[in-house]
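The data block below is my_file19.cif; it holds mmCIF, C-alpha atoms.
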```cif
data_final
loop_
_atom_site.label_atom_id
_atom_site.label_comp_id
_atom_site.auth_asym_id
_atom_site.auth_seq_id
_atom_site.Cartn_x
_atom_site.Cartn_y
_atom_site.Cartn_z
CA MET A 1051 -38.73 76.47 -121.87
CA SER A 1052 -37.07 75.57 -118.54
CA LYS A 1053 -36.05 77.86 -115.72
CA ILE A 1054 -32.39 77.30 -114.88
CA ILE A 1055 -30.28 78.83 -112.12
CA VAL A 1056 -26.51 79.05 -112.33
CA ALA A 1057 -25.07 79.44 -108.82
CA GLY A 1058 -21.86 81.44 -109.23
CA ALA A 1059 -20.28 83.22 -112.20
CA GLY A 1060 -17.45 80.77 -112.81
CA HIS A 1061 -16.03 79.89 -116.23
CA GLY A 1062 -18.02 76.66 -116.50
CA GLY A 1063 -21.25 78.18 -115.19
CA LEU A 1064 -21.11 81.11 -117.60
CA THR A 1065 -20.36 78.76 -120.49
CA ALA A 1066 -23.39 76.60 -119.68
CA ALA A 1067 -25.54 79.71 -119.14
CA ALA A 1068 -24.70 81.05 -122.61
CA PHE A 1069 -25.47 77.82 -124.47
CA LEU A 1070 -28.69 77.18 -122.53
CA ALA A 1071 -29.97 80.73 -122.91
CA LYS A 1072 -29.19 80.68 -126.62
CA ALA A 1073 -31.27 77.48 -126.87
CA GLY A 1074 -34.25 79.37 -125.45
CA HIS A 1075 -34.18 78.50 -121.76
CA SER A 1076 -34.71 81.08 -119.02
CA VAL A 1077 -31.29 81.29 -117.35
CA THR A 1078 -30.26 83.45 -114.40
CA VAL A 1079 -26.75 83.58 -112.95
CA TYR A 1080 -26.53 84.50 -109.25
CA GLU A 1081 -23.14 85.74 -108.05
CA LYS A 1082 -22.22 86.98 -104.56
CA ARG A 1083 -19.57 89.45 -105.74
CA LYS A 1084 -19.96 92.66 -107.70
CA ARG A 1085 -19.32 92.46 -111.42
CA GLU A 1086 -16.09 94.46 -111.22
CA GLU A 1087 -14.75 92.12 -108.53
CA LEU A 1088 -14.84 89.03 -110.74
CA GLY A 1089 -11.65 87.51 -112.12
CA HIS A 1090 -8.30 87.32 -110.37
CA ASP A 1091 -5.86 90.09 -111.25
CA TRP A 1092 -3.40 87.60 -112.70
CA GLU A 1093 -2.79 85.46 -115.79
CA ASP A 1094 -3.58 81.81 -116.46
CA ARG A 1095 -3.23 79.29 -119.24
CA PHE A 1096 -6.09 77.80 -121.25
CA THR A 1097 -6.84 76.72 -124.82
CA PHE A 1098 -7.59 79.89 -126.76
CA SER A 1099 -9.57 78.05 -129.45
CA LEU A 1100 -12.19 77.30 -126.77
CA LEU A 1101 -12.91 81.01 -126.50
CA LYS A 1102 -13.86 81.16 -130.16
CA GLU A 1103 -16.01 78.06 -129.84
CA ILE A 1104 -17.91 79.54 -126.90
CA THR A 1105 -18.00 83.28 -127.59
CA GLY A 1106 -17.13 83.53 -131.27
CA THR A 1107 -14.06 85.65 -130.46
CA ASP A 1108 -11.17 84.76 -132.74
CA GLU A 1109 -7.75 84.56 -131.12
CA LYS A 1110 -6.35 86.92 -133.76
CA ALA A 1111 -8.82 89.59 -132.67
CA LEU A 1112 -7.65 89.58 -129.04
CA PRO A 1113 -5.82 92.78 -128.00
CA SER A 1114 -2.10 92.14 -127.59
CA ASP A 1115 -2.07 93.59 -124.06
CA ILE A 1116 -4.34 90.91 -122.56
CA TRP A 1117 -2.30 87.81 -123.48
CA ARG A 1118 1.26 86.65 -124.10
CA TYR A 1119 3.47 83.60 -124.58
CA ARG A 1120 5.05 82.15 -121.48
CA GLY A 1121 8.82 81.63 -121.53
CA ASP A 1122 10.75 78.41 -121.02
CA CYS A 1123 10.39 76.79 -117.61
CA ALA A 1124 12.74 75.30 -115.03
CA PHE A 1125 11.54 72.99 -112.25
CA VAL A 1126 13.90 73.40 -109.28
CA SER A 1127 14.52 70.64 -106.75
CA PRO A 1128 13.96 71.37 -103.03
CA ALA A 1129 17.70 71.67 -102.28
CA LYS A 1130 18.08 73.82 -105.44
CA ARG A 1131 20.94 71.64 -106.68
CA LYS A 1132 19.15 70.49 -109.83
CA LYS A 1133 16.96 72.19 -112.41
CA VAL A 1134 14.86 70.29 -114.93
CA ILE A 1135 14.41 72.66 -117.87
CA ILE A 1136 11.52 72.56 -120.33
CA ASN A 1137 12.25 74.29 -123.63
CA TYR A 1138 9.01 74.88 -125.49
CA THR A 1139 8.76 74.90 -129.26
CA ALA A 1140 6.74 77.28 -131.42
CA GLU A 1141 4.04 74.59 -131.58
CA ASN A 1142 3.67 73.89 -127.86
CA ARG A 1143 4.67 77.18 -126.21
CA GLN A 1144 2.06 78.10 -123.61
CA LYS A 1145 -0.22 81.10 -124.03
CA ILE A 1146 -1.49 82.90 -120.97
CA MET A 1147 -4.23 85.51 -120.64
CA TRP A 1148 -5.31 87.93 -117.94
CA ARG A 1149 -8.25 86.49 -116.01
CA LYS A 1150 -10.35 89.68 -115.85
CA PRO A 1151 -10.67 90.20 -119.62
CA LEU A 1152 -11.46 86.50 -120.01
CA ILE A 1153 -14.25 86.45 -117.42
CA ASN A 1154 -15.65 89.69 -118.87
CA MET A 1155 -15.84 88.08 -122.31
CA LEU A 1156 -17.77 85.15 -120.82
CA LEU A 1157 -20.10 87.51 -118.92
CA GLU A 1158 -20.81 89.57 -122.03
CA ASN A 1159 -21.38 86.44 -124.09
CA ALA A 1160 -23.84 85.03 -121.55
CA GLU A 1161 -25.78 88.31 -121.60
CA LYS A 1162 -25.72 88.46 -125.41
CA CYS A 1163 -27.15 84.95 -125.52
CA GLY A 1164 -30.02 85.98 -123.22
CA ALA A 1165 -28.92 84.99 -119.71
CA GLN A 1166 -29.73 87.32 -116.82
CA LEU A 1167 -26.88 88.20 -114.42
CA CYS A 1168 -27.61 89.05 -110.77
CA PHE A 1169 -24.63 90.30 -108.77
CA GLY A 1170 -24.36 90.85 -105.02
CA THR A 1171 -26.59 87.82 -104.29
CA GLN A 1172 -25.36 85.59 -101.47
CA ILE A 1173 -26.44 81.96 -101.88
CA THR A 1174 -26.63 80.06 -98.60
CA ALA A 1175 -28.00 76.62 -99.60
CA PRO A 1176 -30.01 74.70 -102.17
CA TYR A 1177 -33.78 74.94 -101.82
CA ILE A 1178 -35.12 71.43 -101.14
CA GLU A 1179 -38.67 70.16 -101.69
CA ASN A 1180 -39.48 66.54 -100.84
CA GLY A 1181 -35.80 65.64 -100.78
CA THR A 1182 -35.09 67.15 -104.21
CA VAL A 1183 -33.23 70.31 -105.28
CA LYS A 1184 -35.79 72.80 -106.55
CA GLY A 1185 -33.83 76.04 -106.48
CA ILE A 1186 -31.57 78.05 -104.18
CA VAL A 1187 -31.83 79.84 -100.86
CA THR A 1188 -30.34 83.34 -100.87
CA LYS A 1189 -30.00 86.08 -98.27
CA ASP A 1190 -33.01 87.68 -99.98
CA GLY A 1191 -35.20 84.59 -100.06
CA ILE A 1192 -35.95 81.45 -102.07
CA VAL A 1193 -35.62 81.25 -105.85
CA LYS A 1194 -37.16 78.20 -107.51
CA ALA A 1195 -35.96 76.56 -110.72
CA ASP A 1196 -36.13 73.37 -112.76
CA CYS A 1197 -32.38 72.85 -112.38
CA VAL A 1198 -29.49 74.37 -110.44
CA ILE A 1199 -26.03 74.42 -112.04
CA ASP A 1200 -23.51 74.69 -109.22
CA ALA A 1201 -20.55 76.91 -110.15
CA ALA A 1202 -20.10 78.37 -106.66
CA GLY A 1203 -16.54 77.13 -106.08
CA ALA A 1204 -14.64 74.65 -103.95
CA PHE A 1205 -16.60 75.59 -100.82
CA SER A 1206 -19.95 75.77 -102.59
CA PRO A 1207 -22.82 76.23 -100.11
CA VAL A 1208 -25.06 74.43 -102.60
CA ARG A 1209 -22.97 71.24 -102.72
CA ALA A 1210 -22.24 71.38 -98.97
CA ASN A 1211 -25.96 71.29 -98.14
CA LEU A 1212 -27.26 68.72 -100.61
CA PRO A 1213 -29.52 65.96 -99.26
CA GLU A 1214 -27.62 62.91 -98.01
CA SER A 1215 -29.60 60.83 -100.50
CA TYR A 1216 -27.64 62.47 -103.35
CA HIS A 1217 -24.43 60.68 -102.21
CA ILE A 1218 -22.35 63.62 -103.50
CA GLU A 1219 -19.10 64.40 -101.66
CA LYS A 1220 -19.70 67.64 -99.77
CA GLN A 1221 -16.36 68.90 -98.50
CA PRO A 1222 -12.75 68.79 -99.72
CA ARG A 1223 -10.21 66.79 -97.72
CA TYR A 1224 -6.79 67.83 -96.47
CA GLY A 1225 -4.48 68.11 -99.46
CA ASP A 1226 -7.32 68.65 -101.96
CA LEU A 1227 -6.81 72.42 -102.01
CA PHE A 1228 -3.90 74.70 -102.76
CA TYR A 1229 -3.74 77.98 -100.80
CA ALA A 1230 -1.84 80.53 -102.83
CA TYR A 1231 -0.63 84.13 -102.68
CA ARG A 1232 0.19 85.72 -106.02
CA ALA A 1233 1.55 89.14 -106.93
CA TYR A 1234 3.31 90.83 -109.85
CA PHE A 1235 6.15 93.06 -108.66
CA LYS A 1236 7.76 95.76 -110.74
CA ARG A 1237 11.00 94.48 -112.31
CA LYS A 1238 14.23 96.37 -111.73
CA LYS A 1239 15.34 97.07 -115.31
CA GLU A 1240 19.06 97.18 -114.51
CA TYR A 1241 18.92 93.37 -114.37
CA PRO A 1242 18.31 91.33 -117.56
CA VAL A 1243 15.48 88.83 -117.97
CA PRO A 1244 16.94 85.36 -117.22
CA GLU A 1245 17.43 82.95 -120.11
CA VAL A 1246 14.87 80.63 -118.48
CA PRO A 1247 12.41 83.16 -117.06
CA PHE A 1248 9.92 80.82 -115.36
CA GLU A 1249 11.19 78.90 -112.31
CA VAL A 1250 8.97 76.51 -110.35
CA TYR A 1251 10.18 75.42 -106.91
CA LEU A 1252 8.88 72.10 -105.59
CA TYR A 1253 8.87 71.73 -101.80
CA HIS A 1254 10.05 75.35 -101.63
CA GLU A 1255 12.08 75.82 -98.45
CA GLY A 1256 11.13 72.32 -97.33
CA GLU A 1257 7.36 72.87 -97.20
CA GLN A 1258 4.55 70.91 -98.89
CA GLY A 1259 3.52 72.88 -101.94
CA LEU A 1260 5.32 74.96 -104.52
CA SER A 1261 6.34 78.49 -105.36
CA TRP A 1262 7.30 80.14 -108.62
CA CYS A 1263 9.13 83.15 -109.92
CA CYS A 1264 8.38 84.20 -113.50
CA THR A 1265 10.31 87.18 -114.80
CA ASN A 1266 8.56 89.19 -117.52
CA GLU A 1267 9.72 92.31 -119.33
CA ASP A 1268 7.70 94.58 -117.08
CA SER A 1269 7.17 92.59 -113.89
CA VAL A 1270 8.03 89.52 -111.83
CA ASP A 1271 5.17 87.10 -111.20
CA ILE A 1272 5.53 85.49 -107.76
CA LEU A 1273 3.34 82.66 -106.49
CA ILE A 1274 3.65 81.14 -103.02
CA GLY A 1275 1.39 78.15 -102.48
CA ARG A 1276 0.96 75.41 -99.91
CA ILE A 1277 -1.58 72.69 -99.11
CA TYR A 1278 -2.38 74.56 -95.90
CA GLU A 1279 -3.38 78.19 -95.43
CA VAL A 1280 -0.68 80.72 -96.31
CA THR A 1281 -0.31 83.58 -93.82
CA GLY A 1282 0.98 87.11 -94.36
CA GLU A 1283 4.00 86.22 -92.24
CA LYS A 1284 4.79 83.26 -94.50
CA VAL A 1285 4.46 85.45 -97.60
CA SER A 1286 6.87 88.04 -96.19
CA GLU A 1287 9.37 85.31 -95.28
CA GLN A 1288 9.23 83.72 -98.75
CA LEU A 1289 9.43 87.06 -100.56
CA ALA A 1290 12.61 87.89 -98.64
CA ILE A 1291 14.15 84.59 -99.83
CA PHE A 1292 13.08 85.25 -103.41
CA ARG A 1293 14.54 88.78 -103.39
CA LYS A 1294 17.86 87.54 -102.06
CA GLU A 1295 18.14 85.11 -104.99
CA HIS A 1296 16.42 87.37 -107.55
CA PRO A 1297 17.53 90.96 -106.85
CA TRP A 1298 15.49 92.28 -109.77
CA ILE A 1299 12.22 91.80 -107.84
CA GLY A 1300 11.03 95.27 -106.88
CA GLU A 1301 8.80 96.32 -103.98
CA GLU A 1302 5.93 97.83 -105.94
CA ILE A 1303 2.99 95.52 -106.72
CA VAL A 1304 1.61 96.20 -110.20
CA HIS A 1305 -0.96 93.34 -110.32
CA GLY A 1306 -2.41 90.85 -107.87
CA GLY A 1307 -1.18 90.89 -104.30
CA ASN A 1308 -4.04 88.71 -103.08
CA TYR A 1309 -4.86 85.14 -102.08
CA GLY A 1310 -6.72 82.34 -103.83
CA ILE A 1311 -7.87 78.79 -103.14
CA ILE A 1312 -7.36 76.27 -105.96
CA PRO A 1313 -8.56 72.64 -106.06
CA VAL A 1314 -5.71 70.22 -106.80
CA ARG A 1315 -7.52 66.89 -106.82
CA ARG A 1316 -9.44 64.60 -109.15
CA PRO A 1317 -13.06 65.67 -109.87
CA LEU A 1318 -16.08 64.42 -107.98
CA THR A 1319 -17.04 60.95 -109.13
CA LEU A 1320 -20.73 61.80 -108.73
CA MET A 1321 -21.59 65.41 -109.56
CA VAL A 1322 -25.28 65.24 -110.53
CA GLY A 1323 -28.57 64.60 -108.75
CA ASP A 1324 -32.23 65.40 -109.32
CA GLY A 1325 -32.30 69.07 -110.36
CA TYR A 1326 -28.58 69.56 -109.72
CA ALA A 1327 -25.28 69.48 -111.61
CA ALA A 1328 -21.83 70.76 -110.58
CA VAL A 1329 -19.22 72.31 -112.88
CA GLY A 1330 -15.78 73.89 -112.43
CA ASP A 1331 -14.30 74.24 -108.95
CA SER A 1332 -17.61 73.08 -107.42
CA ALA A 1333 -16.81 69.68 -108.92
CA PHE A 1334 -13.01 70.05 -108.40
CA MET A 1335 -12.27 70.20 -112.13
CA THR A 1336 -8.57 71.02 -112.29
CA THR A 1337 -5.33 69.29 -113.25
CA PRO A 1338 -3.96 68.29 -109.82
CA MET A 1339 -0.27 68.87 -110.59
CA ASN A 1340 -0.74 72.51 -111.59
CA GLY A 1341 -4.24 73.60 -110.57
CA MET A 1342 -5.18 74.61 -114.12
CA GLY A 1343 -8.94 74.31 -114.53
CA ILE A 1344 -10.26 76.89 -117.01
CA ASP A 1345 -10.22 74.45 -119.95
CA LEU A 1346 -11.90 71.69 -117.97
CA SER A 1347 -14.56 74.04 -116.57
CA MET A 1348 -15.48 75.48 -119.96
CA GLN A 1349 -15.59 72.04 -121.56
CA ALA A 1350 -17.82 70.85 -118.73
CA GLY A 1351 -20.18 73.82 -119.14
CA LYS A 1352 -20.51 73.13 -122.86
CA LEU A 1353 -21.04 69.39 -122.32
CA LEU A 1354 -23.64 69.95 -119.58
CA ALA A 1355 -25.60 72.36 -121.77
CA GLN A 1356 -25.62 69.83 -124.61
CA VAL A 1357 -27.02 67.11 -122.34
CA MET A 1358 -29.63 69.44 -120.82
CA CYS A 1359 -30.77 70.69 -124.24
CA ALA A 1360 -31.22 67.08 -125.35
CA ASP A 1361 -33.55 66.43 -122.39
CA LYS A 1362 -36.88 67.40 -123.96
CA SER A 1363 -38.79 66.44 -120.79
CA GLY A 1364 -37.23 69.36 -118.91
CA LYS A 1365 -37.19 67.35 -115.68
CA TYR A 1366 -33.39 67.18 -115.31
CA THR A 1367 -33.28 64.11 -113.13
CA ALA A 1368 -30.15 62.31 -111.98
CA GLU A 1369 -30.89 59.76 -114.70
CA THR A 1370 -30.89 62.31 -117.53
CA LEU A 1371 -28.01 64.42 -116.14
CA TRP A 1372 -25.84 61.32 -115.62
CA GLU A 1373 -24.87 61.36 -119.31
CA TYR A 1374 -23.01 64.64 -118.65
CA ASN A 1375 -21.33 63.10 -115.60
CA ARG A 1376 -20.29 59.96 -117.50
CA LYS A 1377 -19.06 61.74 -120.64
CA PHE A 1378 -16.98 64.23 -118.70
CA HIS A 1379 -15.13 61.47 -116.87
CA VAL A 1380 -14.54 59.45 -120.03
CA LEU A 1381 -13.15 62.52 -121.84
CA TYR A 1382 -11.35 64.36 -119.03
CA GLY A 1383 -11.84 62.98 -115.51
CA GLY A 1384 -9.73 59.89 -116.07
CA ASP A 1385 -6.68 61.94 -117.05
CA THR A 1386 -6.94 64.16 -113.97
CA ALA A 1387 -7.23 61.08 -111.73
CA LYS A 1388 -3.93 59.75 -113.10
CA ASN A 1389 -2.39 63.16 -112.52
CA GLU A 1390 -3.56 63.15 -108.90
CA GLY A 1391 -1.75 59.88 -108.24
CA LEU A 1392 1.57 61.46 -109.18
CA LYS A 1393 0.88 64.67 -107.27
CA ASN A 1394 -0.12 62.93 -104.04
CA SER A 1395 2.77 60.48 -104.17
CA LEU A 1396 5.23 63.38 -104.53
CA LEU A 1397 3.68 65.11 -101.54
CA THR A 1398 4.12 62.03 -99.36
CA LEU A 1399 7.89 62.21 -99.83
CA PRO A 1400 10.27 64.31 -97.76
CA GLY A 1401 12.19 67.04 -99.57
CA CYS A 1402 15.28 64.82 -99.75
CA GLY A 1403 13.21 62.18 -101.56
CA VAL A 1404 12.15 64.67 -104.23
CA ASP A 1405 15.79 65.81 -104.48
CA PHE A 1406 16.80 62.21 -105.13
CA LEU A 1407 14.26 61.87 -107.95
CA PHE A 1408 15.54 65.05 -109.60
CA GLU A 1409 19.24 64.42 -109.14
CA ASN A 1410 19.07 60.85 -110.43
CA ASP A 1411 16.95 61.75 -113.47
CA VAL A 1412 13.99 59.74 -112.29
CA ILE A 1413 11.94 62.89 -112.92
CA GLN A 1414 12.81 64.48 -116.26
CA SER A 1415 11.56 67.31 -118.47
CA SER A 1416 9.32 64.98 -120.50
CA ASP A 1417 7.49 64.03 -117.28
CA LEU A 1418 6.95 67.59 -116.08
CA ALA A 1419 6.12 69.19 -119.43
CA GLY A 1420 2.83 67.33 -119.43
CA ALA A 1421 2.13 68.01 -115.75
CA GLY A 1422 2.64 64.33 -115.05
CA LYS A 1423 0.80 62.90 -118.07
CA ASN A 1424 3.98 61.17 -119.25
CA MET A 1425 4.63 59.48 -115.90
CA ASN A 1426 3.24 56.14 -117.02
CA PHE A 1427 4.52 52.78 -115.92
CA GLY A 1428 6.29 52.10 -119.22
CA ALA A 1429 8.25 55.34 -119.02
CA LEU A 1430 9.24 54.66 -115.43
CA LEU A 1431 10.65 51.23 -116.22
CA GLY A 1432 13.49 52.91 -118.12
CA LYS A 1433 14.43 54.75 -114.92
CA PHE A 1434 14.47 51.64 -112.78
CA VAL A 1435 18.24 51.28 -112.44
CA ARG A 1436 18.73 54.91 -111.37
CA GLY A 1437 15.71 54.79 -109.07
CA MET A 1438 16.85 51.67 -107.26
CA ARG A 1439 19.65 53.65 -105.62
CA ALA A 1440 16.92 54.70 -103.18
CA PRO A 1441 14.12 52.14 -103.55
CA LYS A 1442 11.72 53.68 -101.00
CA TYR A 1443 11.51 56.93 -102.97
CA PHE A 1444 11.36 55.25 -106.33
CA PHE A 1445 8.64 52.82 -105.32
CA ALA A 1446 6.64 55.61 -103.68
CA ILE A 1447 6.40 57.22 -107.10
CA ILE A 1448 5.72 53.88 -108.82
CA ASN A 1449 2.92 53.27 -106.32
CA GLY A 1450 1.44 56.69 -107.03
CA VAL A 1451 1.55 56.18 -110.79
CA ILE A 1452 0.03 52.69 -110.56
CA LYS A 1453 -2.78 53.89 -108.29
CA GLY A 1454 -3.36 56.95 -110.44
CA SER A 1455 -3.52 54.79 -113.55
CA GLY A 1456 -5.97 52.47 -111.81
CA ALA A 1457 -8.21 55.37 -110.82
CA SER A 1458 -7.96 56.75 -114.35
CA GLY A 1459 -9.15 53.48 -115.85
CA LEU A 1460 -12.07 53.32 -113.45
CA TYR A 1461 -13.15 56.87 -114.25
CA LYS A 1462 -13.29 55.97 -117.92
CA LYS A 1463 -15.49 52.98 -117.10
CA ALA A 1464 -18.24 54.97 -115.37
CA PRO A 1465 -21.57 53.10 -115.36
CA GLU A 1466 -23.51 53.58 -118.60
CA LYS A 1467 -26.77 54.37 -116.79
CA PHE A 1468 -27.58 56.04 -113.49
CA ASP A 1469 -27.80 53.31 -110.86
CA MET A 1470 -26.96 54.52 -107.35
CA ALA A 1471 -25.79 51.12 -106.12
CA LYS A 1472 -23.45 50.70 -109.08
CA ILE A 1473 -22.24 54.30 -108.81
CA ASP A 1474 -21.54 53.92 -105.09
CA ALA A 1475 -19.49 50.78 -105.77
CA TRP A 1476 -17.65 52.50 -108.63
CA SER A 1477 -16.90 55.57 -106.46
CA ALA A 1478 -15.68 53.35 -103.62
CA ALA A 1479 -13.33 51.52 -105.99
CA ILE A 1480 -11.85 54.85 -107.12
CA ALA A 1481 -11.48 56.02 -103.51
CA GLY A 1482 -9.55 52.83 -102.84
CA LYS A 1483 -6.83 54.12 -105.19
CA ASP A 1484 -6.29 57.26 -103.10
CA ILE A 1485 -2.90 58.15 -101.66
CA ARG A 1486 -3.37 60.37 -98.62
CA PHE A 1487 -0.82 62.26 -96.57
#
```

Conversion result in structure tokens:
Amino acid sequence: MSKIIVAGAGHGGLTAAAFLAKAGHSVTVYEKRKREELGHDWEDRFTFSLLKEITGTDEKALPSDIWRYRGDCAFVSPAKRKKVIINYTAENRQKIMWRKPLINMLLENAEKCGAQLCFGTQITAPYIENGTVKGIVTKDGIVKADCVIDAAGAFSPVRANLPESYHIEKQPRYGDLFYAYRAYFKRKKEYPVPEVPFEVYLYHEGEQGLSWCCTNEDSVDILIGRIYEVTGEKVSEQLAIFRKEHPWIGEEIVHGGNYGIIPVRRPLTLMVGDGYAAVGDSAFMTTPMNGMGIDLSMQAGKLLAQVMCADKSGKYTAETLWEYNRKFHVLYGGDTAKNEGLKNSLLTLPGCGVDFLFENDVIQSSDLAGAGKNMNFGALLGKFVRGMRAPKYFFAIINGVIKGSGASGLYKKAPEKFDMAKIDAWSAAIAGKDIRF
């Protein structure tokens, strides 16, 4: 039986903790916040069937007040002259669930499986012995373990203080994170719910990022996000604009009203080392175009646990953990890398360039419905004639898609075995496909 530490009570960390504890390992989750503070007071999308796979909870047994279907969506161009509308069908309509009930289900499942949960524990760094991760350093002292699963978030103090010999990227770069304010305001009932209730504004008011306004029966879900820190002054300014255009937005906040930091980049190429593996936001596991990462995190936690349970030596070296790293990128990492190419190329354009793409049908509903997954080179060829009215904008997107596709292919060709020289060369090739701004 191995002693395993999970640093942070994220979705992926709790998933791994449950599977590993159920397999007989001694698992302890250390989380800096109190239990009741976990989970944002807002909703997010994920695949509900995953919940049953991990916790045994059937979707049909979920209380009706903790989830709902999201309405049709309209992507609005920066100048607000064009809307690209996505009409979902009964088969593909998105389901969203409140984050607090979801994280509580994962916490309860981890405990039921035998994991220990320690709240109010501040982790400051990994504990290193002879250049190898052997546990964590907390405000209360050192805790040793055979392996540390890093689920401590985008600014993880574990990842940020790894030995240089691990060659793991330590800090996010400019544009890798999305700073967001989100609140649910009481809806004024004298106004009807719009026919298309969910509006997403790209380059809202000419700024890099996006905002949304989603009108529900009981509330209006407002998100204001940018690739730089959002201030209270900026929130007040944007809310005033929203209320002018959407007079049904009330003043009373019924949920949320706080800030969050969301990775919007491809995952780490290398996310394992001797005694260490990253999952979730610690490894930047989200879909770059929309910041959705619950699915990816939970899948990663399950995959990591499978690889660790198969390691009968219990040593958890970079060589044995690499199979988790490789499989994740083959299954999921490649798709997110393609998605990042589109996202970054859009953010390099001025607002008028994005307007052009919308107004000339270079960007259409089929492209946005899949958060960029349908923006492949073949699909873009059919838009060539319209796009050539402004070649610099069209080719900026083509360049992003080509580079994203190149990075995607490289992710799916991760080295079969752990070889640092080969992995460094592979990571450098992927970095060469980056589009920065």

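One finds CA of Val1208 in chain A at 18.1 Å from CA of Ile1312 in chain A.
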
Subject >> Target residues per the PyMOL selection byres ((chain A and resi 1359) around 12), formatted as a ChimeraX atom specification >> reply: /A:1051-1052,1054,1066-1067,1069-1075,1352-1358,1360-1366,1370-1371,1374

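In this comparison, which uses all atoms listed in the file, the residue of A:Pro1176, A:Gly1300, A:Gly1456, A:Pro1313 approaching Ala1387 in chain A most closely is A:Gly1456.
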
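Among the candidates A:Trp1298, A:Trp1148, A:Tyr1138, A:Trp1372, the residue lying nearest to Ala1124 in chain A is A:Tyr1138 (atoms considered: all atoms listed in the file).
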
**OP:** Run through the PyMOL selection byres ((chain A and resi 1336) around 12) on the given coordinates and return the selected residues as JSON, numbers by chain.
**Re:** {"A": [1062, 1096, 1203, 1204, 1226, 1227, 1228, 1312, 1313, 1314, 1315, 1316, 1317, 1318, 1329, 1330, 1331, 1332, 1333, 1334, 1335, 1337, 1338, 1339, 1340, 1341, 1342, 1343, 1344, 1345, 1346, 1347, 1348, 1349, 1350, 1382, 1383, 1384, 1385, 1386, 1387, 1389, 1390, 1421]}

May I have the selected residues written with C-alpha atoms, as a tab-separated table (two decimals), keeping the file's coordinate frame?
```tsv
chain	number	residue	atom	x	y	z
A	1062	GLY	CA	-18.02	76.66	-116.50
A	1096	PHE	CA	-6.09	77.80	-121.25
A	1203	GLY	CA	-16.54	77.13	-106.08
A	1204	ALA	CA	-14.64	74.65	-103.95
A	1226	ASP	CA	-7.32	68.65	-101.96
A	1227	LEU	CA	-6.81	72.42	-102.01
A	1228	PHE	CA	-3.90	74.70	-102.76
A	1312	ILE	CA	-7.36	76.27	-105.96
A	1313	PRO	CA	-8.56	72.64	-106.06
A	1314	VAL	CA	-5.71	70.22	-106.80
A	1315	ARG	CA	-7.52	66.89	-106.82
A	1316	ARG	CA	-9.44	64.60	-109.15
A	1317	PRO	CA	-13.06	65.67	-109.87
A	1318	LEU	CA	-16.08	64.42	-107.98
A	1329	VAL	CA	-19.22	72.31	-112.88
A	1330	GLY	CA	-15.78	73.89	-112.43
A	1331	ASP	CA	-14.30	74.24	-108.95
A	1332	SER	CA	-17.61	73.08	-107.42
A	1333	ALA	CA	-16.81	69.68	-108.92
A	1334	PHE	CA	-13.01	70.05	-108.40
A	1335	MET	CA	-12.27	70.20	-112.13
A	1337	THR	CA	-5.33	69.29	-113.25
A	1338	PRO	CA	-3.96	68.29	-109.82
A	1339	MET	CA	-0.27	68.87	-110.59
A	1340	ASN	CA	-0.74	72.51	-111.59
A	1341	GLY	CA	-4.24	73.60	-110.57
A	1342	MET	CA	-5.18	74.61	-114.12
A	1343	GLY	CA	-8.94	74.31	-114.53
A	1344	ILE	CA	-10.26	76.89	-117.01
A	1345	ASP	CA	-10.22	74.45	-119.95
A	1346	LEU	CA	-11.90	71.69	-117.97
A	1347	SER	CA	-14.56	74.04	-116.57
A	1348	MET	CA	-15.48	75.48	-119.96
A	1349	GLN	CA	-15.59	72.04	-121.56
A	1350	ALA	CA	-17.82	70.85	-118.73
A	1382	TYR	CA	-11.35	64.36	-119.03
A	1383	GLY	CA	-11.84	62.98	-115.51
A	1384	GLY	CA	-9.73	59.89	-116.07
A	1385	ASP	CA	-6.68	61.94	-117.05
A	1386	THR	CA	-6.94	64.16	-113.97
A	1387	ALA	CA	-7.23	61.08	-111.73
A	1389	ASN	CA	-2.39	63.16	-112.52
A	1390	GLU	CA	-3.56	63.15	-108.90
A	1421	ALA	CA	2.13	68.01	-115.75
```

Expand the PyMOL selection byres ((chain A and resi 1175) around 10) into the individual residues it matches in the shown file, reporting them as a PDB file with C-alpha atoms, in the frame of the given file.
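Saved as part.pdb:
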```pdb
ATOM      1  CA  GLN A1172     -25.360  85.590-101.470  1.00  0.00           C
ATOM      2  CA  ILE A1173     -26.440  81.960-101.880  1.00  0.00           C
ATOM      3  CA  THR A1174     -26.630  80.060 -98.600  1.00  0.00           C
ATOM      4  CA  PRO A1176     -30.010  74.700-102.170  1.00  0.00           C
ATOM      5  CA  TYR A1177     -33.780  74.940-101.820  1.00  0.00           C
ATOM      6  CA  ILE A1178     -35.120  71.430-101.140  1.00  0.00           C
ATOM      7  CA  VAL A1183     -33.230  70.310-105.280  1.00  0.00           C
ATOM      8  CA  GLY A1185     -33.830  76.040-106.480  1.00  0.00           C
ATOM      9  CA  ILE A1186     -31.570  78.050-104.180  1.00  0.00           C
ATOM     10  CA  VAL A1187     -31.830  79.840-100.860  1.00  0.00           C
ATOM     11  CA  THR A1188     -30.340  83.340-100.870  1.00  0.00           C
ATOM     12  CA  LYS A1189     -30.000  86.080 -98.270  1.00  0.00           C
ATOM     13  CA  ILE A1192     -35.950  81.450-102.070  1.00  0.00           C
ATOM     14  CA  SER A1206     -19.950  75.770-102.590  1.00  0.00           C
ATOM     15  CA  PRO A1207     -22.820  76.230-100.110  1.00  0.00           C
ATOM     16  CA  VAL A1208     -25.060  74.430-102.600  1.00  0.00           C
ATOM     17  CA  ARG A1209     -22.970  71.240-102.720  1.00  0.00           C
ATOM     18  CA  ALA A1210     -22.240  71.380 -98.970  1.00  0.00           C
ATOM     19  CA  ASN A1211     -25.960  71.290 -98.140  1.00  0.00           C
ATOM     20  CA  LEU A1212     -27.260  68.720-100.610  1.00  0.00           C
TER      21      LEU A1212
END
```
